[in-house]
Amino acid sequence: MPHTVNPAHERLKMELRLRGKSIASVARELEVPRSTVTLVSQGLRRSSKIEKALADAVGTTPAELFPDRYPAEESSAARKT
């Protein structure tokens, strides 16, 4: 099976590098396997703890970093304004 590039995952890795972080460093901070953080960043698994840690590491929110995973929050926020 050929390896496909996930642009969002690659962009996240770049943003982490710009801030002196990496998938591995986030995994170490959370004391979880690097592969678990990678699966979450690629969208293959869900973990609110890891999504929040990745978002914090790049200075954003999980909803902004993973908009496809938080559609209800954005919709409800739009209705409240």
# chains A, B, ... in the order shown; residues from 1 in each chain; ligands from 1
>>> residues_around(residues="Gly43 of chain A", least_positions_apart="5", cutoff="10 Å", atoms="only C-alpha atoms", output="PyMOL selection string")
chain A and resi 6+8-9+37-38+51+66+68-69
>>> write_last_selection(atoms="N, CA and C atoms", output="PDB file, in the first residue's frame")
ATOM      1  N   ASN A   6      -0.534  13.416   4.160  1.00  0.00           N
ATOM      2  CA  ASN A   6      -1.657  14.126   4.762  1.00  0.00           C
ATOM      3  C   ASN A   6      -1.218  15.578   4.930  1.00  0.00           C
ATOM      4  N   ALA A   8      -2.572  18.250   6.199  1.00  0.00           N
ATOM      5  CA  ALA A   8      -2.826  18.845   7.512  1.00  0.00           C
ATOM      6  C   ALA A   8      -1.807  18.345   8.535  1.00  0.00           C
ATOM      7  N   HIS A   9      -1.474  17.073   8.470  1.00  0.00           N
ATOM      8  CA  HIS A   9      -0.487  16.491   9.379  1.00  0.00           C
ATOM      9  C   HIS A   9       0.891  17.105   9.118  1.00  0.00           C
ATOM     10  N   VAL A  37       0.166   9.820  19.130  1.00  0.00           N
ATOM     11  CA  VAL A  37       0.055  11.246  18.789  1.00  0.00           C
ATOM     12  C   VAL A  37       0.000  11.405  17.269  1.00  0.00           C
ATOM     13  N   THR A  38       0.801  10.621  16.561  1.00  0.00           N
ATOM     14  CA  THR A  38       0.793  10.671  15.094  1.00  0.00           C
ATOM     15  C   THR A  38      -0.580  10.286  14.549  1.00  0.00           C
ATOM     16  N   GLU A  51      -5.403  16.099  21.166  1.00  0.00           N
ATOM     17  CA  GLU A  51      -5.784  17.224  20.300  1.00  0.00           C
ATOM     18  C   GLU A  51      -5.511  18.553  21.002  1.00  0.00           C
ATOM     19  N   PHE A  66      -8.285  21.358  14.251  1.00  0.00           N
ATOM     20  CA  PHE A  66      -8.990  20.220  13.659  1.00  0.00           C
ATOM     21  C   PHE A  66     -10.449  20.596  13.400  1.00  0.00           C
ATOM     22  N   ASP A  68     -12.597  19.910  11.179  1.00  0.00           N
ATOM     23  CA  ASP A  68     -13.484  18.825  10.753  1.00  0.00           C
ATOM     24  C   ASP A  68     -13.931  17.958  11.926  1.00  0.00           C
ATOM     25  N   ARG A  69     -13.237  18.042  13.042  1.00  0.00           N
ATOM     26  CA  ARG A  69     -13.582  17.231  14.211  1.00  0.00           C
ATOM     27  C   ARG A  69     -14.509  17.960  15.184  1.00  0.00           C
TER      28      ARG A  69
END
>>> residues_around(residues="segment 28-31 of chain A", least_positions_apart="6", cutoff="10 Å", atoms="only C-alpha atoms", output="PyMOL selection string")
chain A and resi 22+37+49-50+53
>>> atom_distance(atom1="atom CA of Ser41 of chain A", atom2="atom CA of Ala55 of chain A")
10.1 Å
>>> atom_distance(atom1="atom CA of Leu12 of chain A", atom2="atom CA of Leu54 of chain A")
8.4 Å
>>> closest_residue(among="A:Leu65, A:Leu44, A:Leu39, A:Val26", to="Arg11 of chain A", atoms="only C-alpha atoms")
A:Leu65
